[in-house]
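Asker: Below is entry.tsv; it holds TSV, C-alpha atoms and all ligand atoms.
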chain	number	residue	atom	x	y	z
A	1	MET	CA	-123.53	159.29	-363.45
A	2	PRO	CA	-125.87	156.31	-364.01
A	3	SER	CA	-128.23	155.41	-361.21
A	4	LEU	CA	-128.49	152.00	-359.62
A	5	ASN	CA	-131.60	151.17	-361.58
A	6	GLU	CA	-130.04	152.17	-364.86
A	7	LEU	CA	-127.09	149.94	-364.14
A	8	LEU	CA	-129.25	147.00	-363.16
A	9	GLU	CA	-131.16	147.40	-366.38
A	10	ARG	CA	-127.96	147.55	-368.36
A	11	LEU	CA	-126.79	144.42	-366.65
A	12	ASP	CA	-129.97	142.65	-367.51
A	13	SER	CA	-129.78	143.55	-371.15
A	14	VAL	CA	-126.14	142.44	-371.34
A	15	ARG	CA	-127.20	139.18	-369.77
A	16	GLN	CA	-129.98	138.61	-372.26
A	17	GLN	CA	-127.73	139.50	-375.13
A	18	ALA	CA	-124.99	137.17	-373.89
A	19	GLU	CA	-127.32	134.22	-373.41
A	20	GLU	CA	-128.76	134.80	-376.84
A	21	GLU	CA	-125.36	134.99	-378.49
A	22	LEU	CA	-124.02	131.96	-376.69
A	23	SER	CA	-126.96	129.84	-377.75
A	24	HIS	CA	-126.01	130.54	-381.38
A	25	ALA	CA	-122.31	129.82	-380.97
A	26	GLY	CA	-121.45	126.64	-382.82
A	27	THR	CA	-117.71	126.66	-383.54
A	28	PRO	CA	-114.58	127.14	-381.40
A	29	GLU	CA	-114.10	130.53	-383.11
A	30	ASP	CA	-117.61	131.66	-382.14
A	31	LEU	CA	-116.93	130.64	-378.60
A	32	GLU	CA	-113.61	132.46	-378.46
A	33	SER	CA	-115.04	135.71	-379.77
A	34	PHE	CA	-117.86	135.36	-377.26
A	35	ARG	CA	-115.34	134.88	-374.49
A	36	ILE	CA	-113.42	137.97	-375.51
A	37	LYS	CA	-116.54	140.09	-375.91
A	38	TYR	CA	-118.16	139.22	-372.60
A	39	MET	CA	-115.54	137.70	-370.38
A	40	GLY	CA	-112.38	139.41	-371.67
A	41	ARG	CA	-110.27	140.61	-368.79
A	42	SER	CA	-109.45	144.13	-369.92
A	43	SER	CA	-112.53	145.30	-371.83
A	44	GLY	CA	-115.11	142.51	-371.83
A	45	ALA	CA	-118.72	143.45	-371.05
A	46	LEU	CA	-118.48	141.92	-367.60
A	47	THR	CA	-115.38	143.89	-366.73
A	48	ASN	CA	-117.01	147.09	-367.95
A	49	LEU	CA	-120.01	146.46	-365.71
A	50	PHE	CA	-117.80	145.98	-362.70
A	51	LYS	CA	-116.01	149.21	-363.49
A	52	GLN	CA	-119.27	151.06	-362.91
A	53	LEU	CA	-119.22	150.00	-359.27
A	54	SER	CA	-116.98	152.87	-358.29
A	55	ASP	CA	-119.61	155.38	-359.43
A	56	LEU	CA	-122.26	154.09	-357.04
A	57	SER	CA	-123.02	155.22	-353.52
A	58	VAL	CA	-121.96	153.18	-350.54
A	59	GLU	CA	-125.47	151.73	-350.09
A	60	ASP	CA	-125.92	150.88	-353.77
A	61	LYS	CA	-122.54	149.25	-354.26
A	62	PRO	CA	-123.35	145.91	-352.58
A	63	VAL	CA	-126.71	145.67	-354.35
A	64	PHE	CA	-125.21	146.03	-357.77
A	65	GLY	CA	-122.11	144.03	-356.81
A	66	LYS	CA	-124.24	141.08	-355.84
A	67	SER	CA	-126.17	141.08	-359.14
A	68	ALA	CA	-123.00	141.47	-361.14
A	69	ASN	CA	-121.38	138.56	-359.33
A	70	LEU	CA	-124.39	136.34	-359.94
A	71	PHE	CA	-124.21	137.24	-363.59
A	72	LYS	CA	-120.54	136.47	-363.68
A	73	GLN	CA	-121.12	133.03	-362.19
A	74	ARG	CA	-123.99	132.33	-364.59
A	75	LEU	CA	-121.87	133.42	-367.54
A	76	GLN	CA	-119.05	131.16	-366.44
A	77	GLU	CA	-121.40	128.15	-366.12
A	78	LEU	CA	-123.02	128.74	-369.50
A	79	PHE	CA	-119.65	129.20	-371.12
A	80	GLU	CA	-118.29	125.98	-369.66
A	81	GLU	CA	-121.36	124.04	-370.78
A	82	LYS	CA	-120.97	125.33	-374.28
A	83	TYR	CA	-117.24	124.75	-374.26
A	84	GLN	CA	-117.77	121.13	-373.32
A	85	ALA	CA	-120.37	120.76	-376.06
A	86	ILE	CA	-118.02	122.15	-378.71
A	87	HIS	CA	-114.64	120.81	-377.51
A	88	GLY	CA	-115.75	117.70	-375.71
A	89	ALA	CA	-113.73	118.72	-372.64
A	90	VAL	CA	-113.81	121.29	-369.85
A	91	PRO	CA	-111.74	124.44	-370.41
A	92	LYS	CA	-108.31	124.60	-368.79
A	93	GLN	CA	-107.73	127.16	-366.10
A	94	GLY	CA	-105.48	129.88	-367.42
A	95	LYS	CA	-103.62	129.66	-370.67
A	96	ALA	CA	-102.96	126.28	-372.22
A	97	VAL	CA	-99.30	125.41	-371.73
A	98	LEU	CA	-97.52	123.76	-374.57
A	99	LYS	CA	-94.95	121.34	-373.33
A	100	ASP	CA	-91.77	121.12	-375.35
A	101	ILE	CA	-90.42	117.70	-374.53
A	102	THR	CA	-87.22	118.37	-376.45
A	103	LEU	CA	-86.10	121.02	-373.94
A	104	PRO	CA	-83.12	119.98	-371.82
A	105	GLY	CA	-83.92	119.16	-368.20
A	106	ARG	CA	-83.51	121.79	-365.49
A	107	LYS	CA	-80.14	121.74	-363.82
A	108	VAL	CA	-80.14	120.74	-360.19
A	109	ASN	CA	-77.79	122.87	-358.13
A	110	TYR	CA	-75.74	120.91	-355.68
A	111	GLY	CA	-74.80	122.36	-352.34
A	112	HIS	CA	-71.17	122.61	-351.32
A	113	MET	CA	-69.44	121.54	-348.18
A	114	HIS	CA	-67.96	124.42	-346.25
A	115	PRO	CA	-64.15	124.31	-346.53
A	116	ILE	CA	-63.90	123.86	-342.76
A	117	THR	CA	-66.24	120.88	-342.83
A	118	LYS	CA	-64.25	119.42	-345.70
A	119	ALA	CA	-60.97	119.81	-343.85
A	120	LEU	CA	-62.43	118.46	-340.59
A	121	THR	CA	-63.87	115.43	-342.35
A	122	GLU	CA	-60.52	114.67	-343.90
A	123	VAL	CA	-58.58	115.12	-340.66
A	124	VAL	CA	-60.99	112.84	-338.86
A	125	SER	CA	-60.79	110.21	-341.56
A	126	ILE	CA	-56.97	110.16	-341.51
A	127	PHE	CA	-56.86	109.68	-337.75
A	128	THR	CA	-59.63	107.11	-337.60
A	129	THR	CA	-57.73	105.14	-340.25
A	130	MET	CA	-54.77	105.18	-337.87
A	131	GLY	CA	-57.01	103.71	-335.15
A	132	PHE	CA	-58.07	106.77	-333.17
A	133	SER	CA	-61.69	106.94	-332.12
A	134	ILE	CA	-63.78	110.11	-331.98
A	135	ALA	CA	-64.68	111.85	-328.72
A	136	GLU	CA	-66.68	114.95	-327.90
A	137	GLY	CA	-67.01	117.47	-325.12
A	138	PRO	CA	-69.16	120.52	-324.34
A	139	GLU	CA	-68.50	123.96	-325.84
A	140	ILE	CA	-69.68	125.59	-322.61
A	141	GLU	CA	-67.11	124.23	-320.26
A	142	ARG	CA	-66.22	124.39	-316.62
A	143	ASP	CA	-63.19	126.41	-315.61
A	144	TYR	CA	-61.88	123.20	-314.04
A	145	TYR	CA	-61.68	121.27	-317.32
A	146	ASN	CA	-60.55	124.12	-319.52
A	147	PHE	CA	-57.81	125.34	-317.15
A	148	GLU	CA	-57.43	123.89	-313.68
A	149	ALA	CA	-57.15	120.20	-314.56
A	150	LEU	CA	-54.83	121.11	-317.42
A	151	ASN	CA	-52.30	122.43	-314.95
A	152	MET	CA	-53.34	126.04	-315.39
A	153	PRO	CA	-54.11	127.28	-311.89
A	154	GLU	CA	-56.00	130.45	-311.17
A	155	GLU	CA	-53.21	132.92	-311.68
A	156	HIS	CA	-52.10	131.43	-314.99
A	157	PRO	CA	-51.72	134.02	-317.79
A	158	ALA	CA	-53.62	131.84	-320.30
A	159	ARG	CA	-56.77	132.71	-318.40
A	160	ASP	CA	-56.39	136.35	-319.33
A	161	MET	CA	-59.65	138.19	-319.88
A	162	GLN	CA	-58.27	139.18	-323.27
A	163	ASP	CA	-58.56	135.61	-324.50
A	164	THR	CA	-61.36	133.89	-322.67
A	165	PHE	CA	-65.09	134.44	-322.92
A	166	TYR	CA	-66.14	133.97	-319.32
A	167	LEU	CA	-69.69	133.05	-318.39
A	168	SER	CA	-71.17	133.22	-314.92
A	169	GLY	CA	-71.06	130.43	-312.37
A	170	GLY	CA	-67.56	129.13	-313.13
A	171	PHE	CA	-68.41	128.45	-316.76
A	172	LEU	CA	-66.71	129.70	-319.89
A	173	LEU	CA	-66.61	129.07	-323.63
A	174	ARG	CA	-63.84	126.55	-324.02
A	175	THR	CA	-60.70	128.15	-325.43
A	176	GLN	CA	-59.32	124.82	-326.61
A	177	THR	CA	-60.42	121.22	-327.14
A	178	SER	CA	-57.93	120.02	-324.50
A	179	PRO	CA	-60.62	119.76	-321.75
A	180	VAL	CA	-61.92	116.75	-323.67
A	181	GLN	CA	-58.66	114.98	-322.71
A	182	ILE	CA	-59.59	115.27	-319.06
A	183	ARG	CA	-63.18	114.23	-319.57
A	184	ILE	CA	-62.12	111.14	-321.49
A	185	MET	CA	-59.40	110.10	-319.02
A	186	GLU	CA	-61.77	110.61	-316.09
A	187	ARG	CA	-64.07	107.97	-317.45
A	188	SER	CA	-61.69	105.48	-319.08
A	189	ARG	CA	-58.50	103.59	-318.35
A	190	PRO	CA	-55.49	103.30	-320.71
A	191	PRO	CA	-54.92	102.47	-323.46
A	192	VAL	CA	-56.67	105.59	-324.73
A	193	SER	CA	-56.47	106.90	-328.27
A	194	ILE	CA	-58.98	109.54	-329.26
A	195	ILE	CA	-59.38	112.60	-331.38
A	196	ALA	CA	-61.86	115.30	-330.43
A	197	PRO	CA	-62.88	117.74	-333.16
A	198	GLY	CA	-64.86	120.80	-332.15
A	199	ARG	CA	-65.41	124.54	-331.84
A	200	VAL	CA	-63.36	126.73	-329.57
A	201	PHE	CA	-63.66	130.41	-328.66
A	202	ARG	CA	-61.21	133.23	-328.04
A	203	ARG	CA	-61.43	136.99	-328.09
A	204	ASP	CA	-59.40	137.60	-331.21
A	205	TRP	CA	-60.02	139.05	-334.69
A	206	ASP	CA	-57.44	139.55	-337.42
A	207	LEU	CA	-56.03	137.93	-340.56
A	208	THR	CA	-55.27	134.67	-338.81
A	209	HIS	CA	-57.62	134.78	-335.79
A	210	THR	CA	-61.40	134.63	-335.43
A	211	PRO	CA	-63.35	134.53	-332.14
A	212	MET	CA	-64.66	131.06	-332.99
A	213	PHE	CA	-62.54	128.46	-334.69
A	214	HIS	CA	-62.06	124.74	-334.77
A	215	GLN	CA	-59.52	122.39	-333.29
A	216	VAL	CA	-58.93	118.70	-333.44
A	217	GLU	CA	-57.55	117.41	-330.16
A	218	GLY	CA	-55.62	114.18	-330.07
A	219	LEU	CA	-54.68	112.02	-327.09
A	220	LEU	CA	-52.86	108.73	-326.90
A	221	VAL	CA	-51.95	107.10	-323.58
A	222	ASP	CA	-50.45	103.68	-323.07
A	223	LYS	CA	-47.40	101.96	-321.65
A	224	GLY	CA	-44.12	103.02	-323.25
A	225	ILE	CA	-45.40	105.92	-325.35
A	226	SER	CA	-42.66	108.39	-326.22
A	227	MET	CA	-42.01	111.55	-328.22
A	228	THR	CA	-41.06	109.43	-331.25
A	229	HIS	CA	-44.61	108.07	-331.39
A	230	LEU	CA	-45.91	111.61	-331.34
A	231	LYS	CA	-43.58	112.64	-334.14
A	232	GLY	CA	-44.47	109.61	-336.20
A	233	VAL	CA	-48.21	110.08	-335.84
A	234	LEU	CA	-48.07	113.79	-336.67
A	235	GLU	CA	-45.77	113.33	-339.64
A	236	THR	CA	-47.98	110.57	-340.99
A	237	PHE	CA	-50.99	112.82	-340.60
A	238	LEU	CA	-49.41	115.91	-342.16
A	239	LYS	CA	-48.08	114.01	-345.17
A	240	ALA	CA	-51.45	112.34	-345.68
A	241	PHE	CA	-53.20	115.70	-345.49
A	242	PHE	CA	-50.81	117.95	-347.41
A	243	GLY	CA	-48.85	115.49	-349.52
A	244	VAL	CA	-45.51	113.74	-349.06
A	245	ASP	CA	-43.42	116.76	-350.09
A	246	THR	CA	-44.74	118.94	-347.29
A	247	LYS	CA	-42.18	120.92	-345.33
A	248	ILE	CA	-42.66	120.22	-341.63
A	249	ARG	CA	-40.87	121.79	-338.68
A	250	PHE	CA	-41.04	120.82	-335.00
A	251	ARG	CA	-40.23	123.71	-332.68
A	252	PRO	CA	-39.76	123.48	-328.93
A	253	SER	CA	-42.59	125.24	-327.17
A	254	TYR	CA	-44.48	125.46	-323.91
A	255	PHE	CA	-47.93	124.32	-322.79
A	256	PRO	CA	-48.77	123.92	-319.11
A	257	PHE	CA	-50.29	120.49	-319.70
A	258	THR	CA	-47.50	118.93	-321.75
A	259	GLU	CA	-43.80	118.43	-321.03
A	260	PRO	CA	-41.86	118.55	-323.26
A	261	SER	CA	-43.99	120.60	-325.62
A	262	THR	CA	-43.65	121.35	-329.28
A	263	GLU	CA	-45.31	123.39	-331.97
A	264	VAL	CA	-45.42	122.18	-335.51
A	265	ASP	CA	-45.15	124.50	-338.49
A	266	ILE	CA	-45.66	123.95	-342.13
A	267	GLY	CA	-43.84	125.83	-344.90
A	268	CYS	CA	-45.97	128.84	-345.92
A	269	ILE	CA	-47.52	128.02	-349.25
A	270	PHE	CA	-48.43	131.61	-350.04
A	271	CYS	CA	-44.85	132.85	-350.28
A	272	ASN	CA	-42.99	129.55	-350.52
A	273	GLY	CA	-41.22	130.30	-347.29
A	274	LYS	CA	-39.99	133.75	-348.36
A	275	GLY	CA	-42.12	135.55	-345.80
A	276	CYS	CA	-45.43	137.33	-346.41
A	277	ARG	CA	-48.40	138.98	-344.74
A	278	VAL	CA	-50.03	135.65	-343.94
A	279	CYS	CA	-47.05	134.01	-342.24
A	280	LYS	CA	-46.03	137.37	-340.78
A	281	THR	CA	-42.73	137.20	-342.69
A	282	ALA	CA	-41.71	133.98	-340.94
A	283	GLY	CA	-42.05	131.70	-343.95
A	284	TRP	CA	-43.77	129.17	-341.69
A	285	LEU	CA	-47.29	128.80	-340.42
A	286	GLU	CA	-48.00	127.26	-337.07
A	287	ILE	CA	-50.69	124.61	-337.31
A	288	LEU	CA	-50.58	122.57	-334.18
A	289	GLY	CA	-49.39	122.35	-330.62
A	290	ALA	CA	-48.41	119.09	-329.02
A	291	GLY	CA	-46.37	117.40	-326.33
A	292	MET	CA	-46.08	114.58	-323.82
A	293	VAL	CA	-48.92	114.65	-321.29
A	294	HIS	CA	-47.73	116.39	-318.11
A	295	PRO	CA	-47.61	114.16	-315.00
A	296	GLU	CA	-49.73	116.79	-313.16
A	297	VAL	CA	-52.51	116.12	-315.64
A	298	PHE	CA	-52.26	112.35	-315.12
A	299	LYS	CA	-52.42	112.87	-311.37
A	300	ARG	CA	-55.74	114.68	-311.71
A	301	VAL	CA	-57.30	111.74	-313.49
A	302	LYS	CA	-55.51	109.17	-311.30
A	303	TYR	CA	-53.41	107.58	-314.00
A	304	ASP	CA	-50.28	105.91	-312.65
A	305	THR	CA	-47.41	108.05	-313.95
A	306	ASP	CA	-44.90	105.25	-313.33
A	307	VAL	CA	-46.74	102.98	-315.72
A	308	TYR	CA	-48.28	105.22	-318.36
A	309	THR	CA	-47.09	107.94	-320.63
A	310	GLY	CA	-48.88	109.63	-323.47
A	311	PHE	CA	-48.92	112.41	-325.95
A	312	ALA	CA	-51.50	115.02	-326.90
A	313	PHE	CA	-51.87	117.45	-329.75
A	314	GLY	CA	-54.25	120.20	-330.83
A	315	ILE	CA	-54.61	121.06	-334.49
A	316	GLY	CA	-56.03	124.33	-335.80
A	317	THR	CA	-58.50	123.27	-338.45
A	318	GLU	CA	-58.82	126.69	-340.08
A	319	ARG	CA	-55.09	126.87	-340.59
A	320	LEU	CA	-55.13	123.50	-342.28
A	321	ALA	CA	-57.96	124.55	-344.58
A	322	MET	CA	-56.24	127.86	-345.39
A	323	LEU	CA	-53.12	126.08	-346.46
A	324	LYS	CA	-54.83	123.31	-348.32
A	325	TYR	CA	-57.33	125.45	-350.21
A	326	ASN	CA	-55.10	128.47	-350.60
A	327	ILE	CA	-57.19	130.94	-348.62
A	328	ASN	CA	-55.25	133.88	-347.25
A	329	ASP	CA	-57.72	135.48	-344.88
A	330	LEU	CA	-59.13	133.36	-342.09
A	331	ARG	CA	-62.12	135.66	-341.69
A	332	MET	CA	-63.44	134.61	-345.11
A	333	PHE	CA	-64.48	131.28	-343.62
A	334	PHE	CA	-67.12	132.95	-341.50
A	335	GLU	CA	-68.36	135.82	-343.61
A	336	ASN	CA	-70.59	133.47	-345.61
A	337	ASP	CA	-69.87	135.12	-348.93
A	338	LEU	CA	-71.43	132.69	-351.39
A	339	ARG	CA	-68.86	133.50	-354.06
A	340	PHE	CA	-66.21	132.25	-351.66
A	341	LEU	CA	-68.16	129.21	-350.51
A	342	ARG	CA	-68.98	128.10	-354.05
A	343	GLN	CA	-65.37	127.91	-355.19
B	401	LIG	N1	-54.66	123.30	-326.52
B	401	LIG	C1	-53.49	123.85	-327.13
B	401	LIG	C2	-53.86	125.18	-327.80
B	401	LIG	O1	-55.00	125.45	-327.97
B	401	LIG	C3	-52.90	122.93	-328.15
B	401	LIG	C4	-52.35	121.69	-327.55
B	401	LIG	C5	-53.14	120.56	-327.43
B	401	LIG	C6	-51.04	121.63	-327.09
B	401	LIG	C7	-52.63	119.41	-326.87
B	401	LIG	C8	-50.54	120.48	-326.55
B	401	LIG	C9	-51.32	119.38	-326.44
B	401	LIG	O2	-52.99	125.95	-328.17
Take the structure in the file and write it out as structure tokens.
Ligand code: PHE
Answerer:
Amino acid sequence: MPSLNELLERLDSVRQQAEEELSHAGTPEDLESFRIKYMGRSSGALTNLFKQLSDLSVEDKPVFGKSANLFKQRLQELFEEKYQAIHGAVPKQGKAVLKDITLPGRKVNYGHMHPITKALTEVVSIFTTMGFSIAEGPEIERDYYNFEALNMPEEHPARDMQDTFYLSGGFLLRTQTSPVQIRIMERSRPPVSIIAPGRVFRRDWDLTHTPMFHQVEGLLVDKGISMTHLKGVLETFLKAFFGVDTKIRFRPSYFPFTEPSTEVDIGCIFCNGKGCRVCKTAGWLEILGAGMVHPEVFKRVKYDTDVYTGFAFGIGTERLAMLKYNINDLRMFFENDLRFLRQ
């Protein structure tokens, strides 16, 4: 094992030799062979000197390290001076990169809208074209707005723990966008025509249910509004969204806050109405609930039930997107599988 002094001597002689050789270098080739011999990364003289470091004792290491580093710096400076003298320019850091200007440009990858966002945007645009304006309400809602004011008193089955995510202090995650109806009517007088898109939450998880999903609420109140207006608006919407040939079915139904109530189905596009796993053999898929606003609801917001009538509807956005984009498992929307999202 060489001693510290031996190594320092070796370093000194390498230094002398290098300076000597560099002073004679006159062509780019000379310079390049010098660079390889002394400054080459894998087996240049400098690298070899540094390799000796590991053989030294803990006290000697910094002594030799310091000298070697000074030498390295000196070598670098001398080399750059010479390089400039020969090439007329300073050396580039790293390897020179040849630019091939005939290469095609790099492709920019565009992002994609989530199918739900796409569907929501389209729903909103159809209704705003018809003259509805957009309203919003909180996702963390008071029991009063989500249930009570919508004619669902405390013992109502829709409040079942199975469905609702309850929070403390009389709050819950809204199970529907209908509370926005109340909030809007509380602060405005008829005529009212709004849609309220948003997230809703229910404790559910299967092919056609996820614990969070989207609805678009609609509300129209004015003098002389009847069920025919409701039918007309919904048919116009559904044909604009799905196309004029769409099969539509209005079914009598029940909601505590509408009377009469209806549910609207669309012919199942997966089985063409024959009945399959998605439509649970019915041949139809339910996509919205609707009805004439219940007088009890109007009373809460102090609308005169002798003067005004109105209709409301709630559309399941995921269902719309499933049908429109031919997706047969609702859960795919929220699993964030990029292969699915990129389609
Ligand atoms: N809120 C109802 C639901 O979530 C849908 C609905 C909205 C029904 C408005 C009637 C009127 O099922």
Asker: Pick out the residues no farther than 7 Å from ligand LIG 401 (chain B), counting all atoms listed in the file, and list them as number ranges by chain.
Answerer: A: 175-178, 217-218, 255, 257-258, 261, 288-291, 312-315
Asker: Rounded to one decimal, what separation in Å do you get between atom CA of A:Gln16 and atom CA of A:Val58?
Answerer: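 Between these atoms lies a distance of 27.4 Å.
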Asker: When you count only C-alpha atoms, which of these residues is closest to A:Glu122: A:Gly65, A:Pro157, A:Pro211, A:Pro197?
Answerer: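 Using only C-alpha atoms, the shortest distance to A:Glu122 belongs to A:Pro197.
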Asker: Counting all atoms listed in the file, figure out which residue out of A:Ala85, A:Ile182, A:Ala240, A:Leu167 gets nearest to A:Ser125.
Answerer: A:Ala240
Asker: Which is closest to A:Lys231 among A:Thr27, A:Ala282, A:Phe311, A:Val301, if we use all atoms listed in the file?
Answerer: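 Comparing A:Thr27, A:Ala282, A:Phe311, A:Val301 against A:Lys231, the winner is A:Phe311.
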Asker: Could you state the separation of atom CA of A:Arg251 and atom CA of A:Glu318 in Å, given to one decimal place?
Answerer: 20.2 Å
Asker: So that I can check the surroundings of A:Asp222, please list as a PyMOL selection string every protein, DNA and RNA residue that reaches within 6 Å of it, counting only C-alpha atoms and ignoring chain neighbours fewer than 5 positions away.
Answerer: chain A and resi 190-191+308-309
Asker: Take the residues from that selection and write them out as a short mmCIF file (atom, residue, chain, number, x, y, z; two decimals), in the coordinates of the input, keeping C-alpha atoms.
Answerer:
data_model
loop_
_atom_site.label_atom_id
_atom_site.label_comp_id
_atom_site.auth_asym_id
_atom_site.auth_seq_id
_atom_site.Cartn_x
_atom_site.Cartn_y
_atom_site.Cartn_z
CA PRO A 190 -55.49 103.30 -320.71
CA PRO A 191 -54.92 102.47 -323.46
CA TYR A 308 -48.28 105.22 -318.36
CA THR A 309 -47.09 107.94 -320.63
#
Asker: Rank nothing, just name the residue among A:Arg300, A:Arg199, A:Arg183, A:Arg74 nearest to A:Arg15, using all atoms listed in the file.
Answerer: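 The closest residue to A:Arg15 is A:Arg74.
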Asker: Enclose the full set of atoms of stretch 117-134 of chain A listed in the file within a box whose edges lie along x, y and z, apply 8 Å of padding to each of the six sides, and report centre and edge lengths in Å to one decimal as lines of an AutoDock Vina configuration file.
Answerer:
center_x = -60.5
center_y = 112.3
center_z = -338.8
size_x = 27.5
size_y = 33.2
size_z = 29.7
